[in-house]
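Visitor: Got a file for you: input.cif, mmCIF, C-alpha atoms.
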data_entry
loop_
_atom_site.label_atom_id
_atom_site.label_comp_id
_atom_site.auth_asym_id
_atom_site.auth_seq_id
_atom_site.Cartn_x
_atom_site.Cartn_y
_atom_site.Cartn_z
CA MET A 1 -86.52 -21.46 79.13
CA SER A 2 -85.11 -21.16 75.67
CA GLU A 3 -88.35 -20.72 73.70
CA HIS A 4 -91.23 -18.44 74.49
CA ASP A 5 -94.75 -17.78 73.25
CA ILE A 6 -95.11 -14.06 72.95
CA THR A 7 -97.59 -11.56 71.62
CA LEU A 8 -96.48 -8.51 69.71
CA THR A 9 -99.00 -5.95 68.51
CA VAL A 10 -97.41 -4.36 65.46
CA ASN A 11 -99.05 -1.38 63.79
CA GLY A 12 -102.31 -2.37 65.41
CA THR A 13 -102.23 -6.05 64.42
CA GLU A 14 -101.79 -8.67 67.12
CA HIS A 15 -99.28 -11.40 66.33
CA GLU A 16 -98.62 -14.52 68.37
CA LEU A 17 -95.27 -16.10 67.84
CA GLU A 18 -92.96 -18.69 69.30
CA ILE A 19 -89.40 -17.45 69.40
CA GLU A 20 -86.08 -18.25 70.99
CA SER A 21 -84.91 -16.26 74.02
CA HIS A 22 -81.99 -14.73 72.19
CA LYS A 23 -84.02 -13.49 69.19
CA LEU A 24 -83.62 -9.75 68.80
CA LEU A 25 -86.79 -7.76 68.29
CA VAL A 26 -85.56 -6.45 64.92
CA HIS A 27 -85.09 -9.99 63.65
CA ALA A 28 -88.46 -11.12 64.98
CA LEU A 29 -90.11 -8.18 63.21
CA ARG A 30 -88.26 -8.67 59.95
CA ASP A 31 -87.83 -12.44 59.68
CA GLU A 32 -90.78 -13.85 61.58
CA LEU A 33 -93.41 -11.22 60.88
CA GLY A 34 -92.30 -9.71 57.57
CA TYR A 35 -91.97 -6.09 58.72
CA THR A 36 -88.84 -5.23 56.81
CA GLY A 37 -89.14 -1.50 57.50
CA PRO A 38 -86.68 -1.43 60.41
CA ASN A 39 -83.22 -2.09 59.02
CA VAL A 40 -80.17 -3.72 60.56
CA GLY A 41 -77.41 -1.20 59.93
CA CYS A 42 -74.58 -1.72 62.40
CA GLU A 43 -73.64 -4.28 64.99
CA SER A 44 -73.11 -1.82 67.76
CA SER A 45 -76.44 -0.19 68.66
CA LEU A 46 -75.18 3.09 67.24
CA CYS A 47 -76.84 3.71 63.88
CA GLY A 48 -80.54 3.67 64.76
CA ALA A 49 -81.68 2.26 61.41
CA CYS A 50 -83.65 -0.29 63.42
CA THR A 51 -85.59 2.32 65.39
CA VAL A 52 -89.25 1.51 66.06
CA HIS A 53 -91.72 2.71 68.68
CA ILE A 54 -92.31 0.44 71.65
CA ASP A 55 -95.38 1.73 73.49
CA GLY A 56 -94.85 5.06 71.75
CA GLU A 57 -91.16 5.47 72.58
CA ALA A 58 -88.38 5.47 70.01
CA THR A 59 -86.27 2.37 70.63
CA LYS A 60 -83.44 0.60 68.83
CA SER A 61 -85.07 -2.74 68.11
CA CYS A 62 -81.68 -4.40 67.65
CA THR A 63 -80.97 -3.84 71.34
CA VAL A 64 -84.16 -5.35 72.68
CA LEU A 65 -84.99 -9.04 72.86
CA ALA A 66 -88.31 -10.00 71.31
CA VAL A 67 -89.25 -11.60 74.65
CA GLN A 68 -88.68 -8.29 76.44
CA ALA A 69 -91.27 -6.74 74.10
CA ASP A 70 -93.90 -9.39 74.83
CA GLY A 71 -97.24 -7.68 75.34
CA SER A 72 -96.19 -4.32 73.97
CA GLU A 73 -97.46 -2.16 71.11
CA ILE A 74 -94.92 -1.69 68.39
CA THR A 75 -95.03 0.80 65.56
CA THR A 76 -92.76 0.42 62.56
CA VAL A 77 -92.42 2.75 59.58
CA GLU A 78 -95.03 0.60 57.84
CA GLY A 79 -97.52 1.88 60.39
CA LEU A 80 -97.12 5.57 59.69
CA ALA A 81 -99.33 5.91 56.62
CA GLU A 82 -103.07 5.95 57.27
CA ASN A 83 -105.65 4.71 54.76
CA GLY A 84 -103.08 4.78 52.00
CA GLU A 85 -102.15 8.40 52.74
CA PHE A 86 -98.59 9.37 53.61
CA HIS A 87 -97.88 10.58 57.11
CA PRO A 88 -96.63 14.20 56.98
CA ILE A 89 -93.13 12.95 57.84
CA GLN A 90 -93.16 10.69 54.78
CA GLU A 91 -94.44 13.50 52.55
CA SER A 92 -91.78 15.83 53.85
CA PHE A 93 -88.92 13.37 53.40
CA GLN A 94 -90.05 12.95 49.80
CA GLU A 95 -90.48 16.67 49.11
CA GLU A 96 -87.31 17.76 50.88
CA HIS A 97 -85.19 14.93 49.41
CA GLY A 98 -84.37 13.78 52.92
CA LEU A 99 -82.97 10.46 51.74
CA GLN A 100 -80.67 8.96 49.11
CA CYS A 101 -80.21 5.25 49.65
CA GLY A 102 -83.06 5.17 52.15
CA TYR A 103 -81.43 2.78 54.59
CA CYS A 104 -81.47 5.11 57.60
CA THR A 105 -84.83 6.57 56.65
CA PRO A 106 -87.24 4.31 58.54
CA GLY A 107 -85.25 4.89 61.73
CA MET A 108 -85.05 8.64 61.09
CA MET A 109 -88.81 8.82 60.61
CA MET A 110 -89.63 6.83 63.71
CA THR A 111 -87.36 8.93 65.93
CA ALA A 112 -88.70 12.12 64.33
CA THR A 113 -92.36 11.23 64.77
CA SER A 114 -92.08 10.35 68.45
CA TYR A 115 -90.02 13.50 68.99
CA LEU A 116 -92.54 15.75 67.25
CA ALA A 117 -95.31 14.25 69.36
CA GLU A 118 -93.49 15.66 72.39
CA GLU A 119 -92.01 18.80 70.86
CA PRO A 120 -94.27 20.01 68.05
CA ASN A 121 -92.20 23.11 67.31
CA PRO A 122 -88.48 22.41 67.56
CA ASP A 123 -85.72 24.53 66.09
CA ARG A 124 -83.09 22.99 63.82
CA GLU A 125 -80.56 22.54 66.63
CA GLU A 126 -83.15 20.66 68.67
CA ILE A 127 -84.02 18.45 65.69
CA ARG A 128 -80.34 17.56 65.25
CA GLU A 129 -80.05 16.72 68.92
CA ALA A 130 -83.15 14.57 68.80
CA LEU A 131 -81.71 12.63 65.86
CA GLU A 132 -78.34 11.95 67.52
CA GLY A 133 -79.17 8.26 67.68
CA ASN A 134 -79.75 7.99 63.93
CA LEU A 135 -76.76 8.00 61.59
CA CYS A 136 -76.84 8.71 57.85
CA ARG A 137 -73.96 8.06 55.49
CA CYS A 138 -75.46 9.61 52.38
CA THR A 139 -77.11 12.94 52.94
CA GLY A 140 -75.02 14.96 55.37
CA TYR A 141 -78.23 15.43 57.38
CA GLN A 142 -79.14 18.87 56.00
CA ASN A 143 -82.16 17.63 54.03
CA ILE A 144 -83.17 15.33 56.85
CA VAL A 145 -83.41 18.33 59.16
CA ASN A 146 -85.31 20.20 56.45
CA ALA A 147 -87.75 17.31 56.18
CA VAL A 148 -88.39 17.11 59.92
CA GLU A 149 -88.82 20.87 60.11
CA SER A 150 -91.28 20.79 57.23
CA ALA A 151 -93.21 17.89 58.79
CA ALA A 152 -93.42 19.75 62.09
CA GLN A 153 -94.94 22.71 60.29
CA LYS A 154 -97.48 20.54 58.45
CA MET A 155 -98.48 18.77 61.62
CA GLN A 156 -98.96 22.05 63.46
CA GLU A 157 -101.05 23.48 60.61
CA SER A 158 -103.30 20.46 60.54
CA ASP A 159 -103.82 20.83 64.29
CA ASP A 160 -104.98 24.43 63.95
CA MET B 161 -74.75 -9.44 65.72
CA TYR B 162 -76.61 -12.59 66.61
CA PRO B 163 -76.45 -13.30 70.34
CA SER B 164 -75.51 -16.84 71.25
CA ALA B 165 -78.30 -18.84 72.84
CA PHE B 166 -79.39 -18.38 76.44
CA ASP B 167 -82.43 -19.06 78.60
CA TYR B 168 -84.57 -16.09 79.60
CA TYR B 169 -86.70 -15.65 82.69
CA ARG B 170 -88.71 -12.64 83.69
CA ALA B 171 -88.90 -11.72 87.38
CA GLU B 172 -92.03 -9.92 88.55
CA SER B 173 -90.50 -9.02 91.92
CA VAL B 174 -87.12 -8.76 93.61
CA GLU B 175 -87.97 -11.87 95.64
CA GLU B 176 -88.62 -13.78 92.44
CA ALA B 177 -85.31 -12.53 91.06
CA PHE B 178 -83.52 -14.03 94.07
CA GLU B 179 -85.39 -17.29 93.61
CA LEU B 180 -84.34 -17.42 89.98
CA LEU B 181 -80.74 -16.55 90.86
CA ASP B 182 -80.75 -19.34 93.41
CA GLU B 183 -82.28 -21.83 90.94
CA HIS B 184 -79.59 -21.06 88.43
CA ALA B 185 -76.63 -20.74 90.78
CA GLY B 186 -73.59 -22.30 89.23
CA THR B 187 -74.49 -21.27 85.68
CA GLU B 188 -73.40 -18.07 83.98
CA VAL B 189 -76.27 -15.74 84.90
CA GLU B 190 -76.70 -12.07 84.07
CA LEU B 191 -79.37 -9.65 85.19
CA LEU B 192 -81.14 -7.76 82.40
CA ALA B 193 -82.80 -4.38 82.80
CA GLY B 194 -82.48 -1.80 80.01
CA GLY B 195 -80.18 -4.12 78.13
CA HIS B 196 -78.25 -1.36 76.38
CA SER B 197 -74.94 -2.38 77.92
CA LEU B 198 -75.56 -6.12 78.31
CA LEU B 199 -77.06 -6.89 74.90
CA PRO B 200 -74.33 -5.14 72.88
CA THR B 201 -71.78 -7.07 74.95
CA ILE B 202 -73.52 -10.37 74.16
CA LYS B 203 -73.99 -9.46 70.49
CA SER B 204 -70.30 -8.71 70.06
CA GLY B 205 -69.34 -11.99 71.67
CA LEU B 206 -67.65 -10.42 74.67
CA ALA B 207 -70.06 -12.19 76.99
CA SER B 208 -72.03 -15.38 76.55
CA PRO B 209 -74.24 -15.94 79.57
CA GLU B 210 -76.32 -19.07 79.78
CA VAL B 211 -79.20 -17.45 81.63
CA LEU B 212 -80.69 -13.96 81.56
CA ILE B 213 -82.99 -12.86 84.38
CA ASP B 214 -85.04 -9.85 83.32
CA ILE B 215 -85.54 -7.54 86.30
CA GLY B 216 -86.36 -4.58 84.08
CA GLN B 217 -90.10 -5.03 84.38
CA ILE B 218 -90.28 -5.05 88.18
CA ASP B 219 -92.61 -2.15 88.97
CA ASP B 220 -91.40 -1.77 92.55
CA LEU B 221 -88.03 -0.67 91.21
CA ASN B 222 -89.54 2.03 89.03
CA GLU B 223 -90.55 4.61 91.61
CA ILE B 224 -89.26 8.05 92.49
CA GLN B 225 -89.81 9.13 96.08
CA HIS B 226 -89.18 12.48 97.68
CA ASP B 227 -88.22 12.34 101.31
CA GLY B 228 -87.64 15.82 102.70
CA ASP B 229 -83.91 16.01 102.21
CA SER B 230 -83.37 13.37 99.56
CA VAL B 231 -84.87 11.78 96.47
CA THR B 232 -84.83 8.00 96.11
CA ILE B 233 -84.78 6.90 92.48
CA GLY B 234 -85.66 3.27 91.80
CA ALA B 235 -83.13 1.22 89.89
CA ASN B 236 -85.42 0.69 86.90
CA VAL B 237 -86.12 4.38 86.29
CA ASN B 238 -84.81 5.13 82.81
CA TYR B 239 -82.61 8.05 81.79
CA ALA B 240 -85.38 9.70 79.76
CA THR B 241 -87.66 9.79 82.76
CA ILE B 242 -84.97 11.27 84.99
CA ALA B 243 -84.10 13.90 82.39
CA SER B 244 -87.73 14.89 81.89
CA ARG B 245 -88.71 15.49 85.51
CA ASP B 246 -88.69 19.12 86.64
CA ASP B 247 -88.61 18.04 90.27
CA LEU B 248 -85.37 16.14 89.69
CA TRP B 249 -83.81 19.08 87.84
CA ASP B 250 -84.62 21.25 90.84
CA ASP B 251 -83.68 18.85 93.60
CA VAL B 252 -80.87 16.73 92.18
CA THR B 253 -79.70 18.81 89.24
CA VAL B 254 -76.44 17.05 88.55
CA VAL B 255 -78.12 13.63 88.24
CA ALA B 256 -80.79 15.01 85.88
CA GLU B 257 -78.18 16.80 83.78
CA ALA B 258 -75.98 13.71 83.54
CA ALA B 259 -78.98 11.56 82.56
CA LYS B 260 -79.86 14.00 79.80
CA GLU B 261 -76.36 13.74 78.37
CA ILE B 262 -76.35 9.97 78.02
CA GLY B 263 -76.20 8.51 74.52
CA ASP B 264 -79.23 9.44 72.49
CA VAL B 265 -83.02 9.48 72.69
CA GLN B 266 -83.44 5.77 72.00
CA VAL B 267 -80.82 4.76 74.57
CA ARG B 268 -82.37 7.06 77.16
CA ASN B 269 -85.75 5.43 76.64
CA ARG B 270 -84.41 2.05 77.77
CA GLY B 271 -81.26 2.47 79.88
CA THR B 272 -81.79 2.46 83.64
CA ILE B 273 -79.99 4.24 86.46
CA GLY B 274 -79.56 0.97 88.34
CA GLY B 275 -78.02 -0.76 85.37
CA ASN B 276 -75.73 2.18 84.69
CA LEU B 277 -74.35 2.26 88.21
CA ALA B 278 -74.11 -1.51 88.66
CA HIS B 279 -72.30 -1.88 85.33
CA SER B 280 -69.96 1.03 86.08
CA ASP B 281 -68.68 1.54 82.55
CA PRO B 282 -65.69 3.91 82.84
CA ALA B 283 -67.22 6.12 80.15
CA SER B 284 -70.74 6.40 81.53
CA ASP B 285 -72.14 9.60 83.05
CA LEU B 286 -74.12 8.78 86.17
CA PRO B 287 -71.21 7.56 88.33
CA ALA B 288 -69.61 11.01 88.46
CA ALA B 289 -73.00 12.62 89.13
CA VAL B 290 -73.75 10.21 91.94
CA LEU B 291 -70.29 10.66 93.48
CA ALA B 292 -70.51 14.46 93.36
CA SER B 293 -73.97 14.23 94.93
CA SER B 294 -72.77 12.14 97.87
CA ALA B 295 -75.51 9.67 97.02
CA THR B 296 -76.24 6.36 98.71
CA ILE B 297 -76.78 3.16 96.78
CA HIS B 298 -79.40 0.77 98.09
CA ALA B 299 -78.82 -2.93 97.50
CA GLN B 300 -80.68 -6.07 98.40
CA SER B 301 -79.65 -9.67 98.76
CA PRO B 302 -81.50 -12.74 100.01
CA ASP B 303 -79.97 -11.93 103.42
CA GLY B 304 -81.37 -8.43 103.66
CA SER B 305 -80.59 -4.93 102.46
CA ARG B 306 -77.76 -2.51 102.86
CA GLU B 307 -76.76 1.02 101.92
CA ILE B 308 -73.47 1.85 100.27
CA ASP B 309 -72.01 5.35 100.12
CA ALA B 310 -71.15 6.39 96.60
CA ASP B 311 -67.61 7.04 97.83
CA ASN B 312 -67.25 3.33 98.55
CA PHE B 313 -69.15 2.03 95.54
CA PHE B 314 -66.97 2.44 92.44
CA LEU B 315 -63.90 0.25 92.71
CA GLY B 316 -62.42 -0.27 89.26
CA MET B 317 -63.22 -0.99 85.64
CA TYR B 318 -66.75 -2.46 85.61
CA ALA B 319 -66.20 -3.20 89.30
CA THR B 320 -68.41 -2.07 92.14
CA SER B 321 -68.77 -3.10 95.73
CA LEU B 322 -71.98 -5.00 94.99
CA ASP B 323 -71.62 -8.58 96.15
CA GLU B 324 -72.36 -11.59 93.99
CA GLY B 325 -76.10 -12.07 93.95
CA GLU B 326 -76.83 -8.57 95.26
CA ILE B 327 -79.30 -6.41 93.35
CA LEU B 328 -79.04 -2.63 93.22
CA THR B 329 -82.57 -1.47 93.99
CA ALA B 330 -82.37 2.32 94.29
CA VAL B 331 -80.17 5.41 94.52
CA GLU B 332 -80.83 7.91 97.26
CA VAL B 333 -79.63 11.38 96.27
CA PRO B 334 -79.51 14.29 98.73
CA THR B 335 -81.61 17.25 97.64
CA LEU B 336 -79.63 20.38 96.83
CA ALA B 337 -79.92 22.98 99.58
CA GLU B 338 -80.79 26.62 98.81
CA ASN B 339 -77.12 27.53 98.68
CA GLU B 340 -76.06 24.56 96.59
CA VAL B 341 -75.80 24.05 92.85
CA GLY B 342 -75.11 20.99 90.74
CA VAL B 343 -73.55 20.87 87.27
CA TYR B 344 -72.50 18.19 84.78
CA VAL B 345 -70.42 18.90 81.68
CA LYS B 346 -69.29 16.34 79.16
CA LYS B 347 -67.22 15.84 76.07
CA PRO B 348 -68.98 13.00 74.29
CA SER B 349 -67.37 10.67 71.83
CA PRO B 350 -68.79 11.84 68.50
CA SER B 351 -69.65 8.30 67.44
CA SER B 352 -70.65 6.42 70.55
CA GLY B 353 -71.98 9.24 72.69
CA TYR B 354 -70.11 7.88 75.70
CA ALA B 355 -68.12 10.30 77.84
CA MET B 356 -64.55 10.93 76.76
CA ILE B 357 -64.61 13.15 79.83
CA GLY B 358 -67.50 14.04 82.13
CA VAL B 359 -67.15 16.25 85.18
CA ALA B 360 -69.79 16.64 87.89
CA VAL B 361 -69.71 19.38 90.50
CA VAL B 362 -71.85 20.04 93.56
CA LEU B 363 -70.98 23.38 95.12
CA GLU B 364 -72.10 24.93 98.39
CA THR B 365 -71.61 28.69 98.66
CA ASP B 366 -72.07 31.41 101.23
CA GLY B 367 -72.21 34.60 99.21
CA ASP B 368 -68.97 34.62 97.23
CA THR B 369 -67.23 32.03 99.37
CA ILE B 370 -67.19 28.35 98.54
CA GLU B 371 -68.15 26.44 101.66
CA SER B 372 -67.63 23.02 100.12
CA ALA B 373 -67.20 21.36 96.77
CA ARG B 374 -67.52 17.83 95.48
CA VAL B 375 -65.95 17.32 92.06
CA ALA B 376 -66.02 13.94 90.32
CA ALA B 377 -65.00 12.74 86.86
CA ASN B 378 -65.86 9.78 84.69
CA GLY B 379 -64.50 8.91 81.28
CA ALA B 380 -61.05 9.86 82.48
CA PHE B 381 -60.03 6.83 84.55
CA ASP B 382 -61.07 3.22 84.76
CA HIS B 383 -63.77 4.20 87.24
CA ALA B 384 -65.42 7.41 88.40
CA MET B 385 -63.32 9.29 90.92
CA ARG B 386 -63.44 12.45 92.95
CA LEU B 387 -60.79 15.06 92.24
CA ASP B 388 -59.44 15.66 95.74
CA ALA B 389 -56.89 18.33 94.85
CA VAL B 390 -59.55 20.38 93.05
CA GLU B 391 -61.97 20.06 95.96
CA ASP B 392 -59.31 21.14 98.45
CA ARG B 393 -58.38 24.19 96.40
CA LEU B 394 -62.02 25.24 96.17
CA THR B 395 -62.90 24.98 99.85
CA GLY B 396 -62.87 28.46 101.35
CA ALA B 397 -61.95 30.08 98.02
CA THR B 398 -63.78 32.95 96.36
CA VAL B 399 -66.02 32.30 93.39
CA GLY B 400 -64.50 33.63 90.15
CA ASP B 401 -62.52 32.91 87.00
CA ASP B 402 -59.15 32.78 88.77
CA THR B 403 -60.42 30.18 91.18
CA ALA B 404 -61.92 28.12 88.37
CA ASP B 405 -58.67 28.22 86.39
CA GLU B 406 -56.40 27.48 89.32
CA ALA B 407 -58.56 24.69 90.67
CA ALA B 408 -58.92 23.12 87.23
CA GLU B 409 -55.12 23.03 86.84
CA LEU B 410 -55.08 20.71 89.85
CA ALA B 411 -57.39 18.17 88.19
CA THR B 412 -54.44 15.97 87.25
CA ASP B 413 -52.64 16.42 90.56
CA GLY B 414 -51.84 13.15 92.22
CA VAL B 415 -52.88 11.34 89.06
CA GLU B 416 -50.23 9.52 87.07
CA GLU B 417 -50.56 9.34 83.32
CA TRP B 418 -51.00 5.56 83.38
CA MET B 419 -54.20 5.99 85.38
CA PHE B 420 -55.92 7.72 82.50
CA MET B 421 -57.92 5.67 80.04
CA THR B 422 -56.30 5.40 76.65
CA ASP B 423 -58.07 4.06 73.57
CA LEU B 424 -58.86 4.77 69.93
CA GLN B 425 -60.86 7.83 70.91
CA ALA B 426 -58.26 9.60 72.99
CA SER B 427 -54.79 9.05 74.42
CA ALA B 428 -54.09 9.31 78.13
CA GLU B 429 -52.32 12.60 77.46
CA PHE B 430 -55.35 14.03 75.65
CA ARG B 431 -57.70 12.87 78.40
CA ALA B 432 -55.48 14.55 80.98
CA GLN B 433 -55.77 17.79 79.08
CA LEU B 434 -59.51 17.37 78.59
CA LEU B 435 -59.94 16.74 82.30
CA LYS B 436 -58.49 20.14 83.13
CA VAL B 437 -60.53 21.90 80.44
CA TYR B 438 -63.81 20.31 81.44
CA THR B 439 -63.16 20.81 85.14
CA GLN B 440 -62.67 24.48 84.38
CA ARG B 441 -65.91 24.56 82.37
CA ALA B 442 -67.85 22.75 85.09
CA LEU B 443 -66.60 25.14 87.75
CA THR B 444 -67.31 28.21 85.64
CA LYS B 445 -70.86 26.99 85.06
CA ALA B 446 -71.30 26.15 88.74
CA PHE B 447 -70.12 29.61 89.75
CA GLU B 448 -72.56 31.19 87.31
CA ASP B 449 -75.43 29.10 88.61
CA ALA B 450 -74.52 29.92 92.19
CA ALA B 451 -74.64 33.67 91.60
#
Can you dump the structure from the file as structure tokens?

Guide:
Amino acid sequence: MSEHDITLTVNGTEHELEIESHKLLVHALRDELGYTGPNVGCESSLCGACTVHIDGEATKSCTVLAVQADGSEITTVEGLAENGEFHPIQESFQEEHGLQCGYCTPGMMMTATSYLAEEPNPDREEIREALEGNLCRCTGYQNIVNAVESAAQKMQESDD
Amino acid sequence: MYPSAFDYYRAESVEEAFELLDEHAGTEVELLAGGHSLLPTIKSGLASPEVLIDIGQIDDLNEIQHDGDSVTIGANVNYATIASRDDLWDDVTVVAEAAKEIGDVQVRNRGTIGGNLAHSDPASDLPAAVLASSATIHAQSPDGSREIDADNFFLGMYATSLDEGEILTAVEVPTLAENEVGVYVKKPSPSSGYAMIGVAVVLETDGDTIESARVAANGAFDHAMRLDAVEDRLTGATVGDDTADEAAELATDGVEEWMFMTDLQASAEFRAQLLKVYTQRALTKAFEDAA
């Protein structure tokens, strides 16, 4: 079969689409559904700019076929804000200047948010390890780590 | 970046996978599980299969079973799951540690142990762990099932003893005994996260004496291999720095320089040096854990 009818639930919205077998998830999200948050940054599954959540798990959407994701719940960076309010990770990236060109940022945020859901109180070394699959050419990572650390703190405080 | 066209079928069971393989015999078919070796290969144009059969969603292949003296890990269990399970860290430490070292978080969420072993990338991490563990690979074909000792499984670059049309269904790993420890150390490529060198050790001790040792390396050669000279030196030796150093020196014994992988990351000469260093580090860590 070279074409498939699939259902992708993206940021809570169900989408039905007909796509070719070889369509990558990142292209289905960007080109078919208009979610341009995840970016295509490399051709080698290394940079992580395409990172989304599939059923809550950080995944490089350039290395998944859209058909493989049929029936799953996908979260992109567009799904982080709630009711027009920034997610703490978005606030922190802004406050801590955790981006310059912004290309790696959606991927960084998606990996960071799923990581913080598992490890709410990481140290800086652990944050760096968790972000190994996300490459940045601009910042040198220091402010990215600051941003994730700051977001972790905010999220813990709001849980108290 | 854009994969060339292919047909995709999803198998809900191993039986269905065989039916699909049979239906499409004669075409270029590949099995898909985690996809994090296959899809990059297709995207870069190194492979252009006509048919993909997705076995990655077969639930039967996603179980972990404890069996007294071994743990059987289903082929579809992903690296993240293996690395997160306390029971696997306790029982089959070297496999858990190797799984934790693979790639990055995103890769570990998708890549599967079955895919890793069947693909047998020279620079992957689980082959050495599985060799050092004396594991058994379970495979199925339309004709039945068989078990393959890890020692007989890894044959060459991307080459295993799986037959055409055979599916790797599980890995059975012996549980570490009270007097055994397992260790995996790795020098990752800074960009790709693959192993420039990875050394796995399973050590059995009686007090300060090494009863037996299994030492295996991946990243160094075109397939994962045990380091016989190191193992021989360790058997009957006393735990300690001298033993670690002397045994590690033997890591390149019986290995010619042409057998080492050489690429943009590291020359054969550098890999030979790294092999000794990381063997020494693995042994030192194993000795510490054994104490």

Visitor: I need the residue set behind the PyMOL selection byres ((chain B) within 8 of (chain A)) for this file; please write it as an MDAnalysis selection string.

Guide: chainID B and resid 161:169 195:196 199:200 203:204 214 263:267 269:270 351:352

Visitor: What does the distance between atom CA of Phe314 of chain B and atom CA of Arg386 of chain B come to in Å, to one decimal place?

Guide: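 One can read the atom CA of Phe314 of chain B to atom CA of Arg386 of chain B distance as 10.6 Å.
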
Visitor: With all atoms listed in the file as the counted atoms, please give the residues lying no more than 9 Å from Gln433 of chain B, apart from itself and same-chain residues fewer than 5 positions off, as a list in words.

Guide: Thr412, Ala428 and Tyr438 of chain B

Visitor: Step by step, work through what the PyMOL selection byres ((chain B and resi 291) around 12) selects in the shown file, and finish by giving those residues as an mmCIF file with C-alpha atoms, keeping the file's coordinate frame.

Guide:
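Contents of result_21.cif, freshly written:
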data_model
loop_
_atom_site.group_PDB
_atom_site.id
_atom_site.type_symbol
_atom_site.label_atom_id
_atom_site.label_comp_id
_atom_site.auth_asym_id
_atom_site.auth_seq_id
_atom_site.Cartn_x
_atom_site.Cartn_y
_atom_site.Cartn_z
ATOM 1 C CA VAL B 254 -76.440 17.050 88.550
ATOM 2 C CA VAL B 255 -78.120 13.630 88.240
ATOM 3 C CA ALA B 258 -75.980 13.710 83.540
ATOM 4 C CA LEU B 277 -74.350 2.260 88.210
ATOM 5 C CA ASP B 285 -72.140 9.600 83.050
ATOM 6 C CA LEU B 286 -74.120 8.780 86.170
ATOM 7 C CA PRO B 287 -71.210 7.560 88.330
ATOM 8 C CA ALA B 288 -69.610 11.010 88.460
ATOM 9 C CA ALA B 289 -73.000 12.620 89.130
ATOM 10 C CA VAL B 290 -73.750 10.210 91.940
ATOM 11 C CA ALA B 292 -70.510 14.460 93.360
ATOM 12 C CA SER B 293 -73.970 14.230 94.930
ATOM 13 C CA SER B 294 -72.770 12.140 97.870
ATOM 14 C CA ALA B 295 -75.510 9.670 97.020
ATOM 15 C CA THR B 296 -76.240 6.360 98.710
ATOM 16 C CA ILE B 297 -76.780 3.160 96.780
ATOM 17 C CA ILE B 308 -73.470 1.850 100.270
ATOM 18 C CA ASP B 309 -72.010 5.350 100.120
ATOM 19 C CA ALA B 310 -71.150 6.390 96.600
ATOM 20 C CA ASP B 311 -67.610 7.040 97.830
ATOM 21 C CA ASN B 312 -67.250 3.330 98.550
ATOM 22 C CA PHE B 313 -69.150 2.030 95.540
ATOM 23 C CA PHE B 314 -66.970 2.440 92.440
ATOM 24 C CA VAL B 331 -80.170 5.410 94.520
ATOM 25 C CA GLU B 332 -80.830 7.910 97.260
ATOM 26 C CA VAL B 333 -79.630 11.380 96.270
ATOM 27 C CA PRO B 334 -79.510 14.290 98.730
ATOM 28 C CA GLY B 342 -75.110 20.990 90.740
ATOM 29 C CA TYR B 344 -72.500 18.190 84.780
ATOM 30 C CA VAL B 359 -67.150 16.250 85.180
ATOM 31 C CA ALA B 360 -69.790 16.640 87.890
ATOM 32 C CA VAL B 361 -69.710 19.380 90.500
ATOM 33 C CA VAL B 362 -71.850 20.040 93.560
ATOM 34 C CA ALA B 373 -67.200 21.360 96.770
ATOM 35 C CA ARG B 374 -67.520 17.830 95.480
ATOM 36 C CA VAL B 375 -65.950 17.320 92.060
ATOM 37 C CA ALA B 376 -66.020 13.940 90.320
ATOM 38 C CA ALA B 377 -65.000 12.740 86.860
ATOM 39 C CA ASN B 378 -65.860 9.780 84.690
ATOM 40 C CA HIS B 383 -63.770 4.200 87.240
ATOM 41 C CA ALA B 384 -65.420 7.410 88.400
ATOM 42 C CA MET B 385 -63.320 9.290 90.920
ATOM 43 C CA ARG B 386 -63.440 12.450 92.950
ATOM 44 C CA LEU B 387 -60.790 15.060 92.240
#

Visitor: Report, in Å to a single decimal, how far apart atom CA of Glu340 of chain B and atom CA of Asp392 of chain B are.

Guide: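 Atom CA of Glu340 of chain B lies 17.2 Å from atom CA of Asp392 of chain B.
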
Visitor: Any idea what the distance is between atom CA of Pro350 of chain B and atom CA of Ile262 of chain B?

Guide: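 We find that atom CA of Pro350 of chain B and atom CA of Ile262 of chain B lie 12.3 Å from each other.
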
Visitor: When the PyMOL selection byres ((chain A and resi 103) around 7) is applied to the structure above, which residues does it catch, written out as a list in words?

Guide: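 Given this file, the PyMOL selection byres ((chain A and resi 103) around 7) evaluates to Asn39, Ala49, Cys101, Gly102, Cys104 and Thr105 of chain A.
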
Visitor: Residues near Cys138 of chain A, anyone? I mean within 8 Å using all atoms listed in the file, not counting same-chain ones fewer than 2 positions away, as a ChimeraX atom specification.

Guide: /A:99-101,136,140

Visitor: Could you tell me which of B:Glu391, B:Met356, B:Leu206, B:Leu424 comes closest to Glu371 of chain B if we count only C-alpha atoms?

Guide: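 Of all the options, B:Glu391 lies closest to Glu371 of chain B.
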
Visitor: Which residues are near Phe93 of chain A? Cut-off 6 Å, all atoms listed in the file, ignore same chain within fewer than 4 positions. Put them as a list in words.

Guide: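 These residues fall inside the cut-off: His97, Gly98 and Ala147 of chain A.
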
Visitor: Smallest atom-to-atom distance to Gly79 of chain A: which of A:Ala117, A:Met109, A:Leu25, A:Ala152, using all atoms listed in the file?

Guide: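 Closest to Gly79 of chain A of all the choices is A:Met109.
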
Visitor: Calculated over all atoms listed in the file, which of the candidates B:Ile273, B:Val345, B:Ala185, B:Met421 has the smallest distance to Asp382 of chain B?

Guide: B:Met421
